[in-house]
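upload-v6.csv follows; it contains CSV, N, CA and C atoms.
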chain,number,residue,atom,x,y,z
A,199,MET,N,5.0,5.0,4.0
A,199,MET,CA,4.0,5.1,5.1
A,199,MET,C,4.0,3.8,5.8
A,200,SER,N,4.1,3.9,7.2
A,200,SER,CA,4.2,2.7,8.0
A,200,SER,C,3.0,2.6,9.0
A,201,ARG,N,2.1,1.7,8.8
A,201,ARG,CA,1.0,1.5,9.7
A,201,ARG,C,1.2,0.1,10.4
A,202,PRO,N,0.7,0.0,11.6
A,202,PRO,CA,0.9,-1.3,12.3
A,202,PRO,C,0.2,-2.4,11.6
A,203,VAL,N,0.9,-3.6,11.7
A,203,VAL,CA,0.4,-4.8,11.0
A,203,VAL,C,-0.3,-5.7,12.1
A,204,PRO,N,-1.5,-6.1,12.0
A,204,PRO,CA,-2.2,-6.9,13.0
A,204,PRO,C,-1.4,-8.3,13.1
A,205,ARG,N,-1.3,-8.7,14.3
A,205,ARG,CA,-0.7,-10.0,14.6
A,205,ARG,C,-1.7,-11.0,15.2
A,206,ARG,N,-1.6,-12.2,14.8
A,206,ARG,CA,-2.5,-13.2,15.3
A,206,ARG,C,-1.9,-13.8,16.6
A,207,GLU,N,-2.8,-14.2,17.5
A,207,GLU,CA,-2.3,-14.8,18.7
A,207,GLU,C,-2.0,-16.3,18.5
A,208,SER,N,-1.0,-16.7,19.1
A,208,SER,CA,-0.6,-18.1,18.9
A,208,SER,C,-0.5,-18.8,20.3
A,209,PRO,N,-0.9,-20.1,20.4
A,209,PRO,CA,-0.8,-20.7,21.6
A,209,PRO,C,0.7,-20.9,22.1
A,210,TRP,N,1.6,-20.7,21.1
A,210,TRP,CA,3.0,-20.9,21.4
A,210,TRP,C,3.7,-19.5,21.8
A,211,GLY,N,2.9,-18.4,21.6
A,211,GLY,CA,3.4,-17.1,21.9
A,211,GLY,C,4.3,-16.6,20.8
A,212,LEU,N,5.0,-15.5,21.0
A,212,LEU,CA,5.9,-15.0,20.0
A,212,LEU,C,7.3,-15.5,20.2
A,213,PRO,N,8.1,-15.8,19.2
A,213,PRO,CA,9.5,-16.2,19.4
A,213,PRO,C,10.3,-15.1,19.9
A,214,GLU,N,11.3,-15.4,20.7
A,214,GLU,CA,12.1,-14.4,21.3
A,214,GLU,C,12.9,-13.7,20.2
A,215,GLY,N,12.9,-12.4,20.2
A,215,GLY,CA,13.7,-11.6,19.3
A,215,GLY,C,13.1,-11.6,17.9
A,216,ALA,N,11.8,-11.9,17.8
A,216,ALA,CA,11.1,-11.9,16.5
A,216,ALA,C,10.9,-10.5,16.0
A,217,PRO,N,11.3,-10.1,14.8
A,217,PRO,CA,11.1,-8.8,14.4
A,217,PRO,C,9.6,-8.5,14.2
A,218,GLU,N,9.3,-7.2,14.4
A,218,GLU,CA,7.9,-6.8,14.2
A,218,GLU,C,7.6,-6.8,12.7
A,219,PRO,N,6.4,-7.4,12.3
A,219,PRO,CA,6.1,-7.4,10.9
A,219,PRO,C,5.9,-6.0,10.4
A,220,GLN,N,6.2,-5.8,9.1
A,220,GLN,CA,6.0,-4.5,8.5
A,220,GLN,C,5.2,-4.7,7.2
A,221,ALA,N,4.3,-3.8,7.0
A,221,ALA,CA,3.4,-3.8,5.8
A,221,ALA,C,4.3,-3.5,4.6
A,222,HIS,N,4.0,-4.1,3.4
A,222,HIS,CA,4.7,-3.8,2.2
A,222,HIS,C,4.5,-2.4,1.8
A,223,ARG,N,5.4,-1.8,1.2
A,223,ARG,CA,5.3,-0.3,0.8
A,223,ARG,C,4.1,-0.1,-0.1
A,224,CYS,N,3.6,-1.1,-0.8
A,224,CYS,CA,2.5,-0.9,-1.7
A,224,CYS,C,1.2,-1.5,-1.2
A,225,ASN,N,1.2,-1.8,0.1
A,225,ASN,CA,0.0,-2.4,0.7
A,225,ASN,C,-1.2,-1.5,0.6
A,226,ASP,N,-1.1,-0.2,0.9
A,226,ASP,CA,-2.2,0.7,0.8
A,226,ASP,C,-2.8,0.7,-0.6
A,227,ARG,N,-1.9,0.7,-1.6
A,227,ARG,CA,-2.4,0.7,-3.0
A,227,ARG,C,-3.2,-0.6,-3.3
A,228,ALA,N,-2.7,-1.8,-2.8
A,228,ALA,CA,-3.5,-3.0,-2.9
A,228,ALA,C,-4.8,-2.9,-2.3
A,229,GLU,N,-4.9,-2.3,-1.1
A,229,GLU,CA,-6.2,-2.2,-0.4
A,229,GLU,C,-7.1,-1.3,-1.2
A,230,ASP,N,-6.6,-0.3,-1.8
A,230,ASP,CA,-7.4,0.6,-2.7
A,230,ASP,C,-8.0,-0.2,-3.8
A,231,VAL,N,-7.3,-1.1,-4.4
A,231,VAL,CA,-7.8,-1.9,-5.5
A,231,VAL,C,-8.9,-2.8,-5.0
A,232,VAL,N,-8.7,-3.4,-3.8
A,232,VAL,CA,-9.7,-4.3,-3.2
A,232,VAL,C,-11.0,-3.5,-2.9
A,233,GLN,N,-10.8,-2.3,-2.4
A,233,GLN,CA,-12.0,-1.5,-2.1
A,233,GLN,C,-12.7,-1.1,-3.4
A,234,ALA,N,-12.0,-0.9,-4.5
A,234,ALA,CA,-12.6,-0.5,-5.8
A,234,ALA,C,-13.5,-1.6,-6.3
A,235,CYS,N,-13.2,-2.9,-5.9
A,235,CYS,CA,-14.0,-4.0,-6.4
A,235,CYS,C,-15.4,-3.9,-5.8
A,236,PHE,N,-15.6,-3.2,-4.7
A,236,PHE,CA,-16.9,-3.1,-4.0
A,236,PHE,C,-17.6,-1.8,-4.2
A,237,GLU,N,-17.1,-1.0,-5.1
A,237,GLU,CA,-17.6,0.4,-5.3
A,237,GLU,C,-18.4,0.5,-6.6
A,238,GLY,N,-19.2,-0.5,-7.0
A,238,GLY,CA,-20.0,-0.4,-8.2
A,238,GLY,C,-19.4,-1.3,-9.3
A,239,ASN,N,-19.5,-0.9,-10.5
A,239,ASN,CA,-19.0,-1.8,-11.6
A,239,ASN,C,-17.5,-1.9,-11.6
A,240,PRO,N,-17.0,-3.1,-11.3
A,240,PRO,CA,-15.5,-3.2,-11.2
A,240,PRO,C,-14.8,-2.9,-12.5
A,241,PHE,N,-15.4,-3.1,-13.6
A,241,PHE,CA,-14.8,-2.7,-14.9
A,241,PHE,C,-14.5,-1.3,-15.0
A,242,LYS,N,-15.2,-0.5,-14.3
A,242,LYS,CA,-15.0,1.0,-14.3
A,242,LYS,C,-14.2,1.5,-13.1
A,243,THR,N,-14.4,0.8,-11.9
A,243,THR,CA,-13.7,1.3,-10.7
A,243,THR,C,-12.3,0.8,-10.5
A,244,VAL,N,-12.0,-0.4,-11.0
A,244,VAL,CA,-10.7,-1.0,-10.7
A,244,VAL,C,-9.5,-0.5,-11.5
A,245,PRO,N,-9.7,-0.2,-12.8
A,245,PRO,CA,-8.5,0.2,-13.6
A,245,PRO,C,-7.6,1.3,-13.0
A,246,GLY,N,-8.2,2.4,-12.5
A,246,GLY,CA,-7.4,3.5,-12.0
A,246,GLY,C,-6.6,3.1,-10.8
A,247,PRO,N,-7.2,2.5,-9.8
A,247,PRO,CA,-6.4,2.1,-8.6
A,247,PRO,C,-5.4,1.0,-9.0
A,248,PHE,N,-5.8,0.1,-9.9
A,248,PHE,CA,-4.8,-1.0,-10.3
A,248,PHE,C,-3.6,-0.4,-11.0
A,249,LYS,N,-3.8,0.6,-11.8
A,249,LYS,CA,-2.6,1.2,-12.5
A,249,LYS,C,-1.7,1.8,-11.5
A,250,LEU,N,-2.2,2.5,-10.5
A,250,LEU,CA,-1.3,3.0,-9.4
A,250,LEU,C,-0.7,1.9,-8.6
A,251,PHE,N,-1.4,0.9,-8.3
A,251,PHE,CA,-0.8,-0.3,-7.6
A,251,PHE,C,0.3,-0.9,-8.5
A,252,TRP,N,0.1,-1.1,-9.7
A,252,TRP,CA,1.1,-1.7,-10.6
A,252,TRP,C,2.4,-0.8,-10.7
A,253,ARG,N,2.1,0.6,-10.8
A,253,ARG,CA,3.3,1.5,-10.8
A,253,ARG,C,4.1,1.4,-9.5
A,254,CYS,N,3.3,1.3,-8.4
A,254,CYS,CA,4.0,1.2,-7.1
A,254,CYS,C,4.9,-0.1,-7.0
A,255,MET,N,4.3,-1.2,-7.5
A,255,MET,CA,5.1,-2.5,-7.4
A,255,MET,C,6.3,-2.4,-8.3
A,256,ARG,N,6.2,-1.7,-9.4
A,256,ARG,CA,7.3,-1.7,-10.4
A,256,ARG,C,8.3,-0.6,-10.0
A,257,SER,N,8.0,0.3,-9.1
A,257,SER,CA,8.9,1.4,-8.7
A,257,SER,C,9.9,0.9,-7.7
A,258,LYS,N,11.0,1.7,-7.6
A,258,LYS,CA,12.0,1.4,-6.6
A,258,LYS,C,11.5,2.0,-5.3
A,259,PRO,N,12.0,1.5,-4.1
A,259,PRO,CA,11.7,2.0,-2.8
A,259,PRO,C,12.0,3.5,-2.8
A,260,GLY,N,11.0,4.3,-2.4
A,260,GLY,CA,11.1,5.8,-2.3
A,260,GLY,C,10.7,6.5,-3.5
A,261,GLU,N,10.3,5.7,-4.6
A,261,GLU,CA,9.8,6.3,-5.8
A,261,GLU,C,8.4,5.9,-6.1
A,262,GLU,N,7.7,5.6,-5.1
A,262,GLU,CA,6.3,5.2,-5.3
A,262,GLU,C,5.4,6.3,-5.8
A,263,PRO,N,4.3,6.1,-6.5
A,263,PRO,CA,3.5,7.2,-7.0
A,263,PRO,C,2.9,8.0,-5.8
A,264,THR,N,2.8,9.3,-6.1
A,264,THR,CA,2.2,10.1,-5.0
A,264,THR,C,0.8,10.6,-5.3
A,265,GLU,N,0.2,10.1,-6.3
A,265,GLU,CA,-1.2,10.4,-6.6
A,265,GLU,C,-2.1,10.0,-5.4
A,266,PRO,N,-3.2,10.7,-5.2
A,266,PRO,CA,-4.1,10.3,-4.1
A,266,PRO,C,-4.8,9.0,-4.3
A,267,PHE,N,-5.2,8.3,-3.3
A,267,PHE,CA,-5.9,7.1,-3.4
A,267,PHE,C,-7.3,7.4,-3.9
A,268,TYR,N,-7.9,6.4,-4.6
A,268,TYR,CA,-9.2,6.6,-5.2
A,268,TYR,C,-10.3,6.4,-4.1
A,269,TYR,N,-10.2,5.4,-3.3
A,269,TYR,CA,-11.3,5.0,-2.4
A,269,TYR,C,-10.9,5.0,-0.9
A,270,LEU,N,-9.6,4.8,-0.6
A,270,LEU,CA,-9.2,4.9,0.8
A,270,LEU,C,-9.1,6.3,1.3
A,271,GLN,N,-9.5,6.5,2.5
A,271,GLN,CA,-9.5,7.9,3.1
A,271,GLN,C,-8.2,8.1,3.8
A,272,LEU,N,-7.1,8.0,3.0
A,272,LEU,CA,-5.7,8.2,3.6
A,272,LEU,C,-5.0,9.3,2.8
A,273,ASP,N,-4.1,9.9,3.5
A,273,ASP,CA,-3.3,10.9,2.8
A,273,ASP,C,-2.4,10.2,1.8
A,274,PRO,N,-2.2,10.9,0.6
A,274,PRO,CA,-1.3,10.2,-0.4
A,274,PRO,C,0.1,10.2,0.1
A,275,PRO,N,0.9,9.2,-0.3
A,275,PRO,CA,2.3,9.1,0.1
A,275,PRO,C,3.1,10.3,-0.3
A,276,LYS,N,4.0,10.6,0.5
A,276,LYS,CA,4.9,11.8,0.1
A,276,LYS,C,6.3,11.2,-0.1
A,277,ARG,N,7.0,11.9,-1.0
A,277,ARG,CA,8.4,11.5,-1.3
A,277,ARG,C,9.3,12.2,-0.3
A,278,GLU,N,10.2,11.5,0.2
A,278,GLU,CA,11.2,12.1,1.1
A,278,GLU,C,12.3,12.7,0.1
A,279,GLU,N,12.5,14.0,0.3
A,279,GLU,CA,13.6,14.7,-0.5
A,279,GLU,C,14.9,14.2,0.0
A,280,VAL,N,15.8,13.8,-0.9
A,280,VAL,CA,17.1,13.4,-0.6
A,280,VAL,C,18.0,14.6,-0.7
A,281,LYS,N,18.7,14.9,0.4
A,281,LYS,CA,19.6,16.0,0.4
A,281,LYS,C,21.0,15.6,0.0
A,282,LEU,N,21.5,16.1,-1.0
A,282,LEU,CA,22.9,15.8,-1.5
A,282,LEU,C,23.9,16.7,-0.8
A,283,GLU,N,24.9,16.2,-0.2
A,283,GLU,CA,25.9,17.0,0.4
A,283,GLU,C,27.3,16.9,-0.3
Show me the file's structure as structure tokens.
Amino acid sequence: MSRPVPRRESPWGLPEGAPEPQAHRCNDRAEDVVQACFEGNPFKTVPGPFKLFWRCMRSKPGEEPTEPFYYLQLDPPKREEVKLE
């Protein structure tokens, strides 16, 4: 899932040919954990999202967990089917 990453303005501007920043593939899982911290008792709300975040970080690119987010109102990530020829 690729969402735009906010950029800060700099008095020096952007360097020529600078690549656009891209969010980490597990960024939405990390945001779900942060949101869980504010949804009541963190001892009860954080473990589920954190387990999915940890699985995402330990997974290989393209093998991230596809379970829905606990607190973010986002569609769960989908796996791209690899076609073998």
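Every protein, DNA or RNA residue with an atom at most 8 Å from Pro263 of chain A, where all atoms listed in the file count and chain neighbours fewer than 2 positions away do not, is listed here: Leu250, Phe251, Arg253, Cys254, Met255, Ser257, Gly260, Glu261, Glu265, Pro266, Pro274, Pro275, Lys276 and Arg277 of chain A.
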Could you list as a PDB file with N, CA and C atoms, keeping the file's coordinate frame every residue that has an atom within 6 Å of (-7.9, 4.1, -4.2), using the file's coordinates and counting only C-alpha atoms?
ATOM      1  N   ASP A 230      -6.600  -0.300  -1.800  1.00  0.00           N
ATOM      2  CA  ASP A 230      -7.400   0.600  -2.700  1.00  0.00           C
ATOM      3  C   ASP A 230      -8.000  -0.200  -3.800  1.00  0.00           C
ATOM      4  N   PRO A 247      -7.200   2.500  -9.800  1.00  0.00           N
ATOM      5  CA  PRO A 247      -6.400   2.100  -8.600  1.00  0.00           C
ATOM      6  C   PRO A 247      -5.400   1.000  -9.000  1.00  0.00           C
ATOM      7  N   PHE A 267      -5.200   8.300  -3.300  1.00  0.00           N
ATOM      8  CA  PHE A 267      -5.900   7.100  -3.400  1.00  0.00           C
ATOM      9  C   PHE A 267      -7.300   7.400  -3.900  1.00  0.00           C
ATOM     10  N   TYR A 268      -7.900   6.400  -4.600  1.00  0.00           N
ATOM     11  CA  TYR A 268      -9.200   6.600  -5.200  1.00  0.00           C
ATOM     12  C   TYR A 268     -10.300   6.400  -4.100  1.00  0.00           C
ATOM     13  N   TYR A 269     -10.200   5.400  -3.300  1.00  0.00           N
ATOM     14  CA  TYR A 269     -11.300   5.000  -2.400  1.00  0.00           C
ATOM     15  C   TYR A 269     -10.900   5.000  -0.900  1.00  0.00           C
ATOM     16  N   LEU A 270      -9.600   4.800  -0.600  1.00  0.00           N
ATOM     17  CA  LEU A 270      -9.200   4.900   0.800  1.00  0.00           C
ATOM     18  C   LEU A 270      -9.100   6.300   1.300  1.00  0.00           C
TER      19      LEU A 270
END
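Between atom C of His222 of chain A and atom C of Arg205 of chain A lies a distance of 17.1 Å.
Minimum atom-to-atom distances from A:Ala216, A:Phe248, A:Lys242, A:Asp226 to Gln271 of chain A were compared using only C-alpha atoms, and the lowest value belongs to A:Asp226.
Here atom CA of Leu272 of chain A stands at a distance of 22.5 Å from atom CA of Asn239 of chain A.
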Between atom C of Cys224 of chain A and atom N of Trp252 of chain A, what is the distance, to one decimal in Å?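 Separation between atom C of Cys224 of chain A and atom N of Trp252 of chain A: 8.6 Å.
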Got a sec to tell me which of segment 212-255 of chain A DSSP assigns to helix (DSSP H, G or I), as a PyMOL selection string? chain A and resi 225-234+240-243+245-255
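Nearest-residue note for Val231 of chain A: choosing from A:Gly211, A:Glu218, A:Pro204, A:Gly246, the minimum distance belongs to A:Gly246, counting all atoms listed in the file.
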Test item: residues at most 7 Å from Val203 of chain A, all atoms listed in the file, excluding those fewer than 3 positions along its chain, as a PyMOL selection string: chain A and resi 219-221
